[in-house]
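Undergrad: Below: one structure in structure tokens.
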Amino acid sequence: MTTGTTSSAPDTGEDTGAPKAGGGRRTRTPAATATGRPTRRLVIVESGTKAAKIQKYLGKDYVVEASVGHIRDLPRGAADVPAKHKGEAWARLGVDVDNSFAPLYIITPEKRSKVAELREALKSVDELLLATDPDREGEAIAWHLLDTLKPKIPVRRMVFHEISEPAIRAAVENLRDLDQDMVDAQETRRILDRLYGYEVSPVLWKKVMPKLSAGRVQSVATRIVVARERERMAFVSASYWDIAAQMDAGAEATPRQFGSRLVAIDGTRVATGRDFGPDGRLKSDAASTDAKNGAVALDEAGARRLAEALQGRDLTVESVESKPYTRKPYAPFMTSTLQQEAGRKLRFSADRTMRSAQRLYENGYITYLRTDSTTLSPSAIDAARNQARELYGDAYVPAQPRQYTRKVKNAQEAHEAIRPAGDVFRTPGEIAREVDGDDFRLYELIWQRTVASQMADARGTTMSIRIAGTAATGEAVTFATSGRTITFPGFLKAYVETVDDQAGGEADDAESRLPELTKGQAVTAASLTPEGHSTNPPSRFTEPSLIKQLEDLGIGRPSTYASIIKTIQDRGYVWKKGQALVPSWIAFAVVGLLEHHFGRLVDYDFTAAMEDELDAIAAGTQGRTHWLSGFYFGGDQGSEGSVARAGGLKKLVGVNLEEIDAREINSVPVFDDVVVRVGRYGPYLERIRDGASQRANLPEDLPPDELTREVAEQLFSVPQEGRSLGVDPISGHEIVAKEGRYGPYVTELLPEPEAPPVVEGAKPKKAPAKPKPRTGSLFKGMSTETITLEEALRLLSLPRLVGADPESGEEITAQNGRYGPYLKKGTDSRSLTDEEQLFTVTLEEAVEIYKQPKQRGRRTAAATPPLRELGEDVNSKKPMVIKDGRFGPYVTDGETNASLRKGDSVEQITDERASELLAERRAKAPAPKKAPARKPAARKPAAKKPAAKRAPAKKAPVEK
DNA sequence: CAGTGAGCGAGCTTCCGCTTGACTT
């Protein structure tokens, strides 16, 4: 660890130096202490279930506890930052970027009690063994434990890759020291992710929409989904024809008939779907005249003519080729493949799979569920082989055990594969009484896959047959077919992987039998059917296929695949249509912004490059600070890692921010002059026609690739959206209920004014002022779904004239406004308490109301009573109270007000905490408010938003 | 994307990876 780059949590108390793990001490075996009792050791692992198991193996001289994951992290937000660092410029990030990227670590609030427990446990032992997972995160957790607990006894690192008695015993005998370089690598990863996430997300808030997010993993995941949708949108379907022929091999053959397809005419291949590009045309190599690759597309007329000309013609077997077919079993499950198969076979979401697997793990049915390894322990291999032998016989078990060493990109392989627990696997039948539902089905899947992984290859034969003939019109034609027979099923008897629905592959156990044919043999065509086909766009990603894609790119970890899917849905980037993941228009805008302005950060190989460089840090050949500096501040080009780039992230989110045109970012070109614009209130269509902007609403559930010209035209042609409530019997206008900027409202559709006659050469006359339709906001409790025509007409009747003020003669009206119902007399207004009063209040009552002074604050009778009274503020010595305000509860001493933060509650807040909030608020108050730098007449003043009160502090406000 | 009248404290949103328990309805 680079000296001075890590500040420990302020609340870890005493600052005595933590002993270095191991520190050169070699305490291999528990030696007897001076008092003669055996050495007691505390072992800390990550998972509680693991702790219980290991405790059993190690016995009473050991105390095994679980840290339950990480115990410290960077602060999530301002609320988590300890008072000591509150004011720091870097507090928002939790990383002091100007001081060697020193991280600020705090004990995760939920883990405070856990840390206390561990401290307690430490008191009664002589030695500490940090037995967190043997990967980057585990090494970091071990270091955090050391740095937080600051034990005064010897500390050593213990690692194991499987939970079995021999493995644990061996681990205790082979302790090592903490690997500080690896800890550095983890910290670098953590800081990079924080800087990326917390610097880029605010750019999205400013340019697209608040609460959006960007991150190394989620942004690439979103981009993948968007990229696929773009392909689908750009896709041009091609149609092509061929001829399906049912061949007849004669009465002796079995099967007598078999299907085949026209593949060549006069030696030139007939084009199939694969020969067409996404533009709907033959790919250039297919269209070339090169005899080897050349292909010709057959159209309907050609196919029909040829089928006709082949009627009754002699056909001969031209070639018969058979090749042996073998298939190896699939590797045992790891997290990603389990999620994929449970998704395909059981239709479980990744999240559902993990919840079920967690239960199975906790109850001792399976091994650890978050793993990127396909390795089985020796005892598990034995168990699988024994089970296979029992169930299927010796022939199904190969002589040598199978080892699966296929490495996944960036794998850390801290655990075994996911498999049934124990040295003897329980069959699904054996656990059926104890486990049911999802858990049973998932266990069965895991059990089958594990057993199958130690079984013999499937064997069979693949046969290819070509049949030739000549059409009456002279063309030489070739038909082809292929078949597969499985002579020995091997592992397929136990487990067949499911093919992704939409990918259109063929399952490994698919069989199609062909008769025994010999070259030169005559066959006849029982039927010749011209068939039309069309090419399809690449299918959308599903949860399983997206996880596969991320895994192939080395993005995300076993513990995060399920949450990645959740995050991109929660942010509104992706929604599920059945199994398919469909990107939203917001995702198009966000991905577009990232691609244009943060291209490197959403590169598909960004993570891969990062991993290489983290490996270099872990190996001690690359400096953490230097590398982060390159990433954040930019650096001397060339010498930095590939993740670093000239300019650096800081500049990209700072100075370069102004270059990002929000309007352009939020306009997604669809076709011609039509764009989808992502607005504050959702996406809508826009195009310029005759110099005027034409807009149309986009239905929420319309997938982007279904927005065709026809659909767009139809949307534009709908004059108004909104639910029609019927016709106003008085005016004859149609009344509709709509969702507007300020919420739901009703309005009337006015008939189009007659177009004035166009006079050639005459100056276009100024159009007469358009009559404005009446509008009215819905009352609370009404909805556009349920409102009736009667209610709507009542709303449109407002404002209501109550009468004239007897004193001044001014008109008093009752109307519904932004803050609810109110009376209006000139510029003087009074709020009403009830919307119904708009229709019922009499002139006398109104006059009475106007006699009352204008109320401040809430529209309740007396001054708002405080929610709670507190003691005296330590600073101002004034009594404090909690009040309810526009932004929720706040504390005030009469002068200073401060909102309660997340985590504060009205009932439980203490005087100390309240004083602290007030003090913080006062500290901020005298912030010099810069006058908004206004460029006079440089640009049109933006329309004032109702909520926009203060001038935006930064430049480049959202322009829509 | 409708247009209507006050005045009161802004503060927060967000990342990725480790782990699961625990407020109540």
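Order determines the names: the first chain of the structure tokens is A, the second B, and so forth; residues in each chain are numbered 1 upward, and ligands are numbered 1 upward as they are shown.
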Using only C-alpha atoms (C1' of nucleotides), find the residues of chain B whose closest atom to chain A is at most 7 Å away, then write them as a PyMOL selection string.

TA: chain B and resi 1-2+4-5+7-9+13-16+18-19

Undergrad: Range 124-156 of chain A: which residues are helix (DSSP H, G or I) by DSSP, as a list in words?

TA: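 Checking each residue of range 124-156 of chain A, the helix (DSSP H, G or I) ones are Arg136, Glu137, Gly138, Glu139, Ala140, Ile141, Ala142, Trp143, His144, Leu145, Leu146, Asp147, Thr148 and Leu149 of chain A.
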
Undergrad: Identify all residues of range 498-577 of chain A in strand (DSSP E) (DSSP on the backbone) and supply them as a list in words.

TA: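 Residues meeting the strand (DSSP E) criterion: Ala522, Val523, Thr524, Ala525, Ala526, Ser527, Leu528, Thr529, Pro530, Glu531, Gly532, His533, Ser534, Val574, Trp575, Lys576 and Lys577 of chain A.
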
Undergrad: Applying 6 Å and only C-alpha atoms (C1' of nucleotides), which residues near range 360-364 of chain A remain after dropping the ones on its own chain fewer than 3 positions away? List them as an MDAnalysis selection string.

TA: chainID A and resid 49 357 367

Undergrad: Could you state the separation of CA of Leu42 in chain A and CA of Leu128 in chain A in Å, given to one decimal place?

TA: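 So the answer is 4.9 Å.
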
Undergrad: Which residue is closest to Val675 in chain A? Choose from A:Trp585, A:Ala580, A:Gly634, A:Glu117 and count only C-alpha atoms.

TA: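 Closest to Val675 in chain A of all the choices is A:Trp585.
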
Undergrad: Could you check how far CA of Pro151 in chain A sits from CA of Asp177 in chain A, in Å to one decimal?

TA: 15.0 Å

Undergrad: Quick one: pull the distance between CA of Phe491 in chain A and CA of Lys407 in chain A, Å, one decimal.

TA: 22.1 Å

Undergrad: List as a list in words the protein and nucleic acid residues near range 867-875 of chain A, meaning an atom at most 7 Å away when only C-alpha atoms (C1' of nucleotides) are counted, but skip any in the same chain fewer than 6 places from it.

TA: Val881, Ile882, Lys883, Asp884, Asp911 and Ser915 of chain A

Undergrad: Write out as a PDB file with N, CA, C and O atoms, in the first residue's frame the residues lying within 9 Å of range 424-431 of chain A, counting only C-alpha atoms (C1' of nucleotides) and excluding same-chain residues fewer than 4 positions away.

TA:
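Saved as part.pdb:
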ATOM      1  N   TYR A 365     -27.346 -27.744   0.703  1.00  0.00           N
ATOM      2  CA  TYR A 365     -27.599 -28.614  -0.447  1.00  0.00           C
ATOM      3  C   TYR A 365     -26.592 -28.416  -1.568  1.00  0.00           C
ATOM      4  O   TYR A 365     -26.328 -29.328  -2.339  1.00  0.00           O
ATOM      5  N   SER A 379     -13.019 -34.916  -4.352  1.00  0.00           N
ATOM      6  CA  SER A 379     -14.092 -35.733  -3.776  1.00  0.00           C
ATOM      7  C   SER A 379     -15.394 -35.536  -4.542  1.00  0.00           C
ATOM      8  O   SER A 379     -16.221 -36.435  -4.648  1.00  0.00           O
ATOM      9  N   ALA A 380     -15.581 -34.342  -5.101  1.00  0.00           N
ATOM     10  CA  ALA A 380     -16.785 -34.096  -5.886  1.00  0.00           C
ATOM     11  C   ALA A 380     -16.725 -34.854  -7.205  1.00  0.00           C
ATOM     12  O   ALA A 380     -17.738 -35.373  -7.691  1.00  0.00           O
ATOM     13  N   ASP A 382     -15.226 -37.707  -7.638  1.00  0.00           N
ATOM     14  CA  ASP A 382     -15.559 -39.081  -7.262  1.00  0.00           C
ATOM     15  C   ASP A 382     -17.060 -39.254  -7.101  1.00  0.00           C
ATOM     16  O   ASP A 382     -17.651 -40.222  -7.581  1.00  0.00           O
ATOM     17  N   ALA A 383     -17.659 -38.314  -6.403  1.00  0.00           N
ATOM     18  CA  ALA A 383     -19.093 -38.426  -6.134  1.00  0.00           C
ATOM     19  C   ALA A 383     -19.876 -38.431  -7.444  1.00  0.00           C
ATOM     20  O   ALA A 383     -20.815 -39.218  -7.616  1.00  0.00           O
ATOM     21  N   ALA A 384     -19.483 -37.551  -8.370  1.00  0.00           N
ATOM     22  CA  ALA A 384     -20.205 -37.466  -9.639  1.00  0.00           C
ATOM     23  C   ALA A 384     -20.027 -38.758 -10.433  1.00  0.00           C
ATOM     24  O   ALA A 384     -20.980 -39.292 -11.011  1.00  0.00           O
ATOM     25  N   ASN A 386     -19.279 -41.757  -9.300  1.00  0.00           N
ATOM     26  CA  ASN A 386     -19.997 -42.850  -8.653  1.00  0.00           C
ATOM     27  C   ASN A 386     -21.488 -42.793  -8.960  1.00  0.00           C
ATOM     28  O   ASN A 386     -22.122 -43.805  -9.248  1.00  0.00           O
ATOM     29  N   GLN A 387     -22.013 -41.588  -8.889  1.00  0.00           N
ATOM     30  CA  GLN A 387     -23.441 -41.449  -9.139  1.00  0.00           C
ATOM     31  C   GLN A 387     -23.777 -41.818 -10.592  1.00  0.00           C
ATOM     32  O   GLN A 387     -24.759 -42.499 -10.855  1.00  0.00           O
ATOM     33  N   ARG A 419     -22.152 -27.064  -7.264  1.00  0.00           N
ATOM     34  CA  ARG A 419     -22.455 -28.501  -7.369  1.00  0.00           C
ATOM     35  C   ARG A 419     -23.199 -28.935  -6.118  1.00  0.00           C
ATOM     36  O   ARG A 419     -23.235 -28.194  -5.124  1.00  0.00           O
ATOM     37  N   PRO A 420     -23.770 -30.123  -6.135  1.00  0.00           N
ATOM     38  CA  PRO A 420     -24.373 -30.625  -4.903  1.00  0.00           C
ATOM     39  C   PRO A 420     -23.304 -30.710  -3.815  1.00  0.00           C
ATOM     40  O   PRO A 420     -22.153 -31.053  -4.104  1.00  0.00           O
ATOM     41  N   VAL A 435     -37.291 -30.276   0.148  1.00  0.00           N
ATOM     42  CA  VAL A 435     -37.157 -29.081  -0.685  1.00  0.00           C
ATOM     43  C   VAL A 435     -38.204 -29.115  -1.782  1.00  0.00           C
ATOM     44  O   VAL A 435     -38.469 -30.166  -2.344  1.00  0.00           O
ATOM     45  N   ASP A 436     -38.814 -27.986  -2.052  1.00  0.00           N
ATOM     46  CA  ASP A 436     -39.786 -28.008  -3.147  1.00  0.00           C
ATOM     47  C   ASP A 436     -39.715 -26.725  -3.978  1.00  0.00           C
ATOM     48  O   ASP A 436     -38.838 -25.888  -3.769  1.00  0.00           O
ATOM     49  N   PHE A 440     -36.218 -27.001  -5.499  1.00  0.00           N
ATOM     50  CA  PHE A 440     -36.092 -28.373  -5.976  1.00  0.00           C
ATOM     51  C   PHE A 440     -35.681 -28.397  -7.445  1.00  0.00           C
ATOM     52  O   PHE A 440     -34.774 -29.131  -7.846  1.00  0.00           O
ATOM     53  N   ARG A 441     -36.336 -27.580  -8.219  1.00  0.00           N
ATOM     54  CA  ARG A 441     -36.040 -27.581  -9.656  1.00  0.00           C
ATOM     55  C   ARG A 441     -34.605 -27.130  -9.937  1.00  0.00           C
ATOM     56  O   ARG A 441     -33.931 -27.651 -10.819  1.00  0.00           O
ATOM     57  N   TYR A 443     -32.082 -27.365  -7.807  1.00  0.00           N
ATOM     58  CA  TYR A 443     -31.159 -28.396  -7.338  1.00  0.00           C
ATOM     59  C   TYR A 443     -31.033 -29.504  -8.376  1.00  0.00           C
ATOM     60  O   TYR A 443     -29.935 -29.980  -8.681  1.00  0.00           O
ATOM     61  N   GLU A 444     -32.185 -29.901  -8.935  1.00  0.00           N
ATOM     62  CA  GLU A 444     -32.190 -30.962  -9.937  1.00  0.00           C
ATOM     63  C   GLU A 444     -31.298 -30.592 -11.123  1.00  0.00           C
ATOM     64  O   GLU A 444     -30.526 -31.398 -11.634  1.00  0.00           O
ATOM     65  N   TRP A 447     -27.667 -30.766 -10.019  1.00  0.00           N
ATOM     66  CA  TRP A 447     -27.275 -32.166  -9.842  1.00  0.00           C
ATOM     67  C   TRP A 447     -27.041 -32.834 -11.198  1.00  0.00           C
ATOM     68  O   TRP A 447     -26.017 -33.480 -11.426  1.00  0.00           O
TER      69      TRP A 447
END

Undergrad: Considering only C-alpha atoms (C1' of nucleotides), state which residue in the set A:Pro889, A:Glu748, A:Val676, A:Ser453 is at the smallest distance from DA10 in chain B.

TA: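 Result for the nearest residue to DA10 in chain B: A:Pro889.
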
Undergrad: Nearest to Asn410 in chain A among A:Ala471, A:Ala609, A:Val591, A:Leu445, with distances taken over only C-alpha atoms: which residue is it?

TA: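 For Asn410 in chain A, the nearest of the candidates is A:Ala609.
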